[in-house]
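Asker: PDB, C-alpha atoms, pLDDT in the B column, file my_file_3.pdb:
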```pdb
ATOM      1  CA  MET A 448     -95.981 -17.404  27.177  1.00 95.00           C
ATOM      2  CA  LYS A 449     -92.215 -17.416  26.679  1.00 98.00           C
ATOM      3  CA  THR A 450     -90.540 -15.839  23.655  1.00 98.00           C
ATOM      4  CA  LEU A 451     -87.591 -17.243  21.727  1.00 98.00           C
ATOM      5  CA  LEU A 452     -85.814 -14.652  19.606  1.00 98.00           C
ATOM      6  CA  ILE A 453     -83.802 -15.971  16.665  1.00 99.00           C
ATOM      7  CA  VAL A 454     -81.530 -13.339  15.141  1.00 98.00           C
ATOM      8  CA  TYR A 455     -79.601 -14.146  11.983  1.00 98.00           C
ATOM      9  CA  HIS A 456     -77.723 -12.719   9.040  1.00 98.00           C
ATOM     10  CA  SER A 457     -77.334 -14.481   5.734  1.00 98.00           C
ATOM     11  CA  LEU A 458     -75.792 -13.285   2.499  1.00 94.00           C
ATOM     12  CA  THR A 459     -75.759 -16.529   0.533  1.00 96.00           C
ATOM     13  CA  GLY A 460     -78.775 -18.238   2.112  1.00 97.00           C
ATOM     14  CA  GLY A 461     -77.028 -20.873   4.221  1.00 98.00           C
ATOM     15  CA  THR A 462     -77.516 -19.236   7.590  1.00 98.00           C
ATOM     16  CA  ARG A 463     -81.089 -18.272   6.662  1.00 98.00           C
ATOM     17  CA  GLN A 464     -81.900 -21.926   5.992  1.00 98.00           C
ATOM     18  CA  MET A 465     -80.392 -22.899   9.329  1.00 98.00           C
ATOM     19  CA  ALA A 466     -82.326 -20.217  11.220  1.00 98.00           C
ATOM     20  CA  GLU A 467     -85.582 -21.115   9.475  1.00 98.00           C
ATOM     21  CA  ALA A 468     -85.131 -24.809  10.314  1.00 98.00           C
ATOM     22  CA  ALA A 469     -84.580 -23.930  13.973  1.00 98.00           C
ATOM     23  CA  ALA A 470     -87.564 -21.557  13.996  1.00 98.00           C
ATOM     24  CA  ASP A 471     -89.907 -24.033  12.298  1.00 98.00           C
ATOM     25  CA  ALA A 472     -89.058 -26.737  14.829  1.00 98.00           C
ATOM     26  CA  ALA A 473     -89.268 -24.332  17.772  1.00 98.00           C
ATOM     27  CA  ARG A 474     -92.776 -23.297  16.730  1.00 98.00           C
ATOM     28  CA  HIS A 475     -94.002 -26.828  17.516  1.00 96.00           C
ATOM     29  CA  GLN A 476     -93.442 -26.236  21.226  1.00 95.00           C
ATOM     30  CA  GLU A 477     -96.508 -25.114  23.138  1.00 94.00           C
ATOM     31  CA  GLY A 478     -96.238 -22.028  25.264  1.00 96.00           C
ATOM     32  CA  VAL A 479     -93.409 -20.507  23.230  1.00 98.00           C
ATOM     33  CA  ALA A 480     -93.685 -17.700  20.714  1.00 98.00           C
ATOM     34  CA  VAL A 481     -90.880 -17.687  18.136  1.00 98.00           C
ATOM     35  CA  ARG A 482     -89.630 -14.483  16.553  1.00 98.00           C
ATOM     36  CA  LEU A 483     -87.269 -14.882  13.585  1.00 98.00           C
ATOM     37  CA  LEU A 484     -85.581 -11.587  12.727  1.00 98.00           C
ATOM     38  CA  ARG A 485     -82.812 -10.566  10.385  1.00 98.00           C
ATOM     39  CA  ALA A 486     -79.986  -8.879  12.269  1.00 98.00           C
ATOM     40  CA  GLN A 487     -80.622  -5.529  10.619  1.00 98.00           C
ATOM     41  CA  ASP A 488     -84.272  -5.657  11.750  1.00 98.00           C
ATOM     42  CA  ALA A 489     -83.617  -6.629  15.380  1.00 98.00           C
ATOM     43  CA  GLY A 490     -82.836  -4.243  18.185  1.00 98.00           C
ATOM     44  CA  PRO A 491     -82.706  -3.732  21.938  1.00 98.00           C
ATOM     45  CA  ALA A 492     -86.494  -3.830  22.371  1.00 98.00           C
ATOM     46  CA  ASP A 493     -86.562  -7.265  20.728  1.00 98.00           C
ATOM     47  CA  MET A 494     -83.828  -8.490  23.063  1.00 98.00           C
ATOM     48  CA  LEU A 495     -85.617  -7.192  26.141  1.00 98.00           C
ATOM     49  CA  ALA A 496     -88.938  -8.744  25.062  1.00 98.00           C
ATOM     50  CA  ALA A 497     -87.434 -12.233  24.629  1.00 98.00           C
ATOM     51  CA  ASP A 498     -86.822 -14.927  27.222  1.00 98.00           C
ATOM     52  CA  GLY A 499     -84.140 -16.770  25.239  1.00 98.00           C
ATOM     53  CA  TYR A 500     -81.997 -16.308  22.155  1.00 98.00           C
ATOM     54  CA  LEU A 501     -80.615 -18.175  19.192  1.00 98.00           C
ATOM     55  CA  PHE A 502     -77.940 -16.270  17.271  1.00 98.00           C
ATOM     56  CA  ALA A 503     -77.094 -17.455  13.741  1.00 98.00           C
ATOM     57  CA  THR A 504     -74.363 -16.030  11.537  1.00 98.00           C
ATOM     58  CA  PRO A 505     -71.993 -16.940   8.764  1.00 97.00           C
ATOM     59  CA  GLU A 506     -68.320 -16.749   9.552  1.00 96.00           C
ATOM     60  CA  ASN A 507     -66.735 -14.151   7.290  1.00 93.00           C
ATOM     61  CA  LEU A 508     -62.958 -13.748   7.256  1.00 91.00           C
ATOM     62  CA  ALA A 509     -62.690 -15.719  10.516  1.00 92.00           C
ATOM     63  CA  ALA A 510     -65.236 -13.459  12.274  1.00 96.00           C
ATOM     64  CA  ILE A 511     -68.950 -12.960  12.729  1.00 97.00           C
ATOM     65  CA  ALA A 512     -70.665 -11.288   9.784  1.00 97.00           C
ATOM     66  CA  GLY A 513     -70.623  -7.502   9.817  1.00 97.00           C
ATOM     67  CA  LEU A 514     -74.382  -7.129  10.145  1.00 98.00           C
ATOM     68  CA  MET A 515     -74.422  -9.491  13.133  1.00 98.00           C
ATOM     69  CA  LYS A 516     -71.638  -7.406  14.668  1.00 98.00           C
ATOM     70  CA  ASP A 517     -73.764  -4.319  13.991  1.00 98.00           C
ATOM     71  CA  PHE A 518     -76.711  -5.971  15.778  1.00 98.00           C
ATOM     72  CA  PHE A 519     -74.562  -6.745  18.814  1.00 98.00           C
ATOM     73  CA  ASP A 520     -73.066  -3.230  18.760  1.00 98.00           C
ATOM     74  CA  ARG A 521     -76.523  -1.621  18.665  1.00 98.00           C
ATOM     75  CA  CYS A 522     -77.918  -3.846  21.414  1.00 98.00           C
ATOM     76  CA  TYR A 523     -75.046  -4.402  23.804  1.00 98.00           C
ATOM     77  CA  TYR A 524     -75.222  -1.395  26.107  1.00 98.00           C
ATOM     78  CA  PRO A 525     -78.980  -0.737  25.905  1.00 98.00           C
ATOM     79  CA  VAL A 526     -79.730  -4.237  27.311  1.00 98.00           C
ATOM     80  CA  LEU A 527     -76.693  -4.679  29.557  1.00 98.00           C
ATOM     81  CA  GLU A 528     -77.637  -5.853  33.083  1.00 97.00           C
ATOM     82  CA  GLN A 529     -81.255  -6.391  31.968  1.00 98.00           C
ATOM     83  CA  ILE A 530     -80.997  -9.841  30.371  1.00 98.00           C
ATOM     84  CA  ASN A 531     -78.660 -11.585  32.814  1.00 98.00           C
ATOM     85  CA  GLY A 532     -79.144 -15.333  33.084  1.00 97.00           C
ATOM     86  CA  ARG A 533     -81.282 -15.778  29.991  1.00 98.00           C
ATOM     87  CA  PRO A 534     -80.488 -18.829  27.846  1.00 98.00           C
ATOM     88  CA  TYR A 535     -78.862 -18.689  24.443  1.00 98.00           C
ATOM     89  CA  ALA A 536     -77.448 -20.887  21.721  1.00 98.00           C
ATOM     90  CA  VAL A 537     -75.412 -20.213  18.568  1.00 98.00           C
ATOM     91  CA  MET A 538     -75.368 -21.517  14.999  1.00 98.00           C
ATOM     92  CA  ILE A 539     -72.505 -20.744  12.603  1.00 98.00           C
ATOM     93  CA  CYS A 540     -72.438 -21.356   8.850  1.00 98.00           C
ATOM     94  CA  ALA A 541     -68.747 -21.613   7.989  1.00 97.00           C
ATOM     95  CA  GLY A 542     -66.652 -22.359   4.950  1.00 93.00           C
ATOM     96  CA  SER A 543     -64.021 -24.216   6.912  1.00 89.00           C
ATOM     97  CA  ASP A 544     -63.871 -23.707  10.666  1.00 93.00           C
ATOM     98  CA  GLY A 545     -66.362 -21.378  12.375  1.00 96.00           C
ATOM     99  CA  GLN A 546     -64.657 -21.510  15.760  1.00 97.00           C
ATOM    100  CA  ASN A 547     -63.639 -17.852  15.907  1.00 97.00           C
ATOM    101  CA  ALA A 548     -67.143 -16.610  15.115  1.00 98.00           C
ATOM    102  CA  LEU A 549     -68.473 -18.902  17.832  1.00 98.00           C
ATOM    103  CA  ARG A 550     -65.896 -17.566  20.292  1.00 98.00           C
ATOM    104  CA  GLN A 551     -66.857 -13.987  19.445  1.00 98.00           C
ATOM    105  CA  ILE A 552     -70.549 -14.553  20.137  1.00 98.00           C
ATOM    106  CA  ASP A 553     -69.777 -16.501  23.300  1.00 98.00           C
ATOM    107  CA  ARG A 554     -67.667 -13.585  24.545  1.00 98.00           C
ATOM    108  CA  ILE A 555     -70.477 -11.124  23.858  1.00 98.00           C
ATOM    109  CA  ALA A 556     -72.939 -13.445  25.621  1.00 98.00           C
ATOM    110  CA  THR A 557     -70.553 -13.679  28.578  1.00 98.00           C
ATOM    111  CA  GLY A 558     -70.572  -9.897  28.849  1.00 98.00           C
ATOM    112  CA  TRP A 559     -74.361  -9.968  28.853  1.00 98.00           C
ATOM    113  CA  ARG A 560     -74.190 -12.788  31.428  1.00 98.00           C
ATOM    114  CA  LEU A 561     -76.319 -15.042  29.260  1.00 98.00           C
ATOM    115  CA  LYS A 562     -76.351 -18.781  29.917  1.00 98.00           C
ATOM    116  CA  ALA A 563     -75.211 -21.125  27.133  1.00 98.00           C
ATOM    117  CA  VAL A 564     -77.633 -24.052  27.012  1.00 98.00           C
ATOM    118  CA  ALA A 565     -76.132 -26.022  24.119  1.00 97.00           C
ATOM    119  CA  PRO A 566     -72.756 -26.342  22.422  1.00 97.00           C
ATOM    120  CA  GLY A 567     -72.338 -24.056  19.418  1.00 98.00           C
ATOM    121  CA  LEU A 568     -73.564 -25.680  16.217  1.00 98.00           C
ATOM    122  CA  ILE A 569     -71.229 -25.189  13.258  1.00 98.00           C
ATOM    123  CA  VAL A 570     -72.273 -26.216   9.759  1.00 98.00           C
ATOM    124  CA  CYS A 571     -69.315 -26.397   7.401  1.00 96.00           C
ATOM    125  CA  THR A 572     -70.016 -25.741   3.706  1.00 96.00           C
ATOM    126  CA  HIS A 573     -66.368 -26.314   2.668  1.00 93.00           C
ATOM    127  CA  ALA A 574     -66.534 -23.194   0.493  1.00 92.00           C
ATOM    128  CA  GLN A 575     -62.897 -22.269  -0.047  1.00 89.00           C
ATOM    129  CA  THR A 576     -62.724 -20.363  -3.336  1.00 91.00           C
ATOM    130  CA  PRO A 577     -64.124 -16.887  -3.973  1.00 89.00           C
ATOM    131  CA  GLU A 578     -66.696 -18.365  -6.338  1.00 92.00           C
ATOM    132  CA  ARG A 579     -67.905 -20.981  -3.831  1.00 91.00           C
ATOM    133  CA  ILE A 580     -67.809 -18.568  -0.918  1.00 88.00           C
ATOM    134  CA  LEU A 581     -70.095 -16.099  -2.732  1.00 90.00           C
ATOM    135  CA  ALA A 582     -72.340 -18.745  -4.314  1.00 94.00           C
ATOM    136  CA  PRO A 583     -75.838 -19.425  -2.935  1.00 94.00           C
ATOM    137  CA  LYS A 584     -75.686 -22.195  -0.330  1.00 96.00           C
ATOM    138  CA  ILE A 585     -77.883 -25.232   0.097  1.00 96.00           C
ATOM    139  CA  ILE A 586     -77.669 -26.756   3.543  1.00 98.00           C
ATOM    140  CA  GLY A 587     -78.075 -30.538   3.600  1.00 97.00           C
ATOM    141  CA  LYS A 588     -80.900 -32.394   5.327  1.00 98.00           C
ATOM    142  CA  GLU A 589     -78.706 -33.760   8.107  1.00 98.00           C
ATOM    143  CA  ASP A 590     -77.373 -30.333   9.014  1.00 98.00           C
ATOM    144  CA  LEU A 591     -80.851 -28.791   8.836  1.00 98.00           C
ATOM    145  CA  ALA A 592     -82.059 -31.550  11.161  1.00 98.00           C
ATOM    146  CA  ARG A 593     -79.319 -30.555  13.647  1.00 98.00           C
ATOM    147  CA  CYS A 594     -80.488 -26.937  13.428  1.00 98.00           C
ATOM    148  CA  ALA A 595     -84.101 -27.994  13.951  1.00 98.00           C
ATOM    149  CA  GLU A 596     -83.104 -30.057  16.975  1.00 98.00           C
ATOM    150  CA  LEU A 597     -81.322 -27.071  18.496  1.00 98.00           C
ATOM    151  CA  GLY A 598     -84.302 -24.773  17.937  1.00 98.00           C
ATOM    152  CA  GLU A 599     -86.753 -27.343  19.261  1.00 98.00           C
ATOM    153  CA  GLY A 600     -84.636 -28.064  22.328  1.00 98.00           C
ATOM    154  CA  LEU A 601     -84.182 -24.401  23.168  1.00 98.00           C
ATOM    155  CA  ALA A 602     -87.912 -23.757  22.812  1.00 98.00           C
ATOM    156  CA  ALA A 603     -88.803 -26.870  24.820  1.00 97.00           C
ATOM    157  CA  GLY A 604     -86.514 -25.772  27.650  1.00 97.00           C
ATOM    158  CA  LEU A 605     -88.040 -22.308  27.638  1.00 97.00           C
ATOM    159  CA  GLY A 606     -91.578 -23.678  27.584  1.00 96.00           C
ATOM    160  CA  ALA A 607     -90.906 -26.129  30.398  1.00 95.00           C
ATOM    161  CA  GLY A 608     -89.199 -23.515  32.541  1.00 94.00           C
ATOM    162  CA  VAL A 609     -85.952 -25.481  32.558  1.00 94.00           C
ATOM    163  CA  PHE A 610     -83.969 -22.391  31.543  1.00 91.00           C
TER     164      PHE A 610
END
```
In structure tokens, write the structure found in this file.
Answerer:
Amino acid sequence: MKTLLIVYHSLTGGTRQMAEAAADAARHQEGVAVRLLRAQDAGPADMLAADGYLFATPENLAAIAGLMKDFFDRCYYPVLEQINGRPYAVMICAGSDGQNALRQIDRIATGWRLKAVAPGLIVCTHAQTPERILAPKIIGKEDLARCAELGEGLAAGLGAGVF
């Protein structure tokens, strides 16, 4: 059985909803175990035990969230050269753009020599004021469907041995 590890951080709930949608859809694929972990609960052993990855983070101040950065910092060297070639995808919950957070994760994945299997998925909440940025988020059905499709596709590829 293959394992898909979904690691996420969410302060206002948006990224959590995205990660849960991806995980729920991925769980429908036979032959694939799905592990959904908060960034602060995931570590090198989780990375080594997985066959593929989905990283989900909000973009904070034009960067990945601090706890996602902490996850990558804690895992980077302990798994380096041990996960080469494994597939990954990225989801970003952004207030306006999300591109820099996506670039940051892609650069980390390049260092790990992971293989991107889908374009980065960015959900824009259009939160531009301090009040809206800090407010709980509700991700719309269409965006959640995109997240589910990404999770399902990643799991299907793992299960079929495509990746």
Asker: So how far away is atom CA of A:Val609 from atom CA of A:Ala503, in Å?
Answerer: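 One can read the atom CA of A:Ala503 to atom CA of A:Val609 distance as 22.3 Å.
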Asker: Once the PyMOL selection byres ((chain A and resi 603) around 9) is applied to the coordinates I shared, what remains selected? I want it as JSON, numbers by chain.
Answerer: {"A": [473, 475, 476, 477, 478, 479, 598, 599, 600, 601, 602, 604, 605, 606, 607, 608, 609]}
Asker: Considering only C-alpha atoms, state which residue in the set A:Leu581, A:Leu501, A:Ala556, A:Leu484 is at the smallest distance from A:Glu528.
Answerer: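 Of the candidates, the smallest distance to A:Glu528 is held by A:Ala556.
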Asker: Using all atoms listed in the file, find the one residue out of A:Tyr500, A:Phe610, A:Val564, A:Cys594 that sits nearest to A:Ala468.
Answerer: A:Cys594
Asker: Please expand the PyMOL selection byres ((chain A and resi 516) around 12) into the concrete residues it hits in this file, giving the result as a list in words.
Answerer: Val454, Tyr455, His456, Ala486, Gln487, Phe502, Ala503, Thr504, Pro505, Glu506, Asn507, Ala510, Ile511, Ala512, Gly513, Leu514, Met515, Asp517, Phe518, Phe519, Asp520, Arg521, Cys522, Tyr523, Ala548, Gln551, Ile552 and Ile555 of chain A
Asker: What would the selection look like, as an MDAnalysis selection string, if the PyMOL selection byres ((chain A and resi 546) around 9) were run on the coordinates I just shared?
Answerer: chainID A and resid 506 509:510 539 541 544:545 547:551 567 569
Asker: Would you mind reading off the distance between atom CA of A:Arg463 and atom CA of A:Gln529, one decimal, in Å?
Answerer: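 Going from atom CA of A:Arg463 over to atom CA of A:Gln529, I get 28.0 Å.
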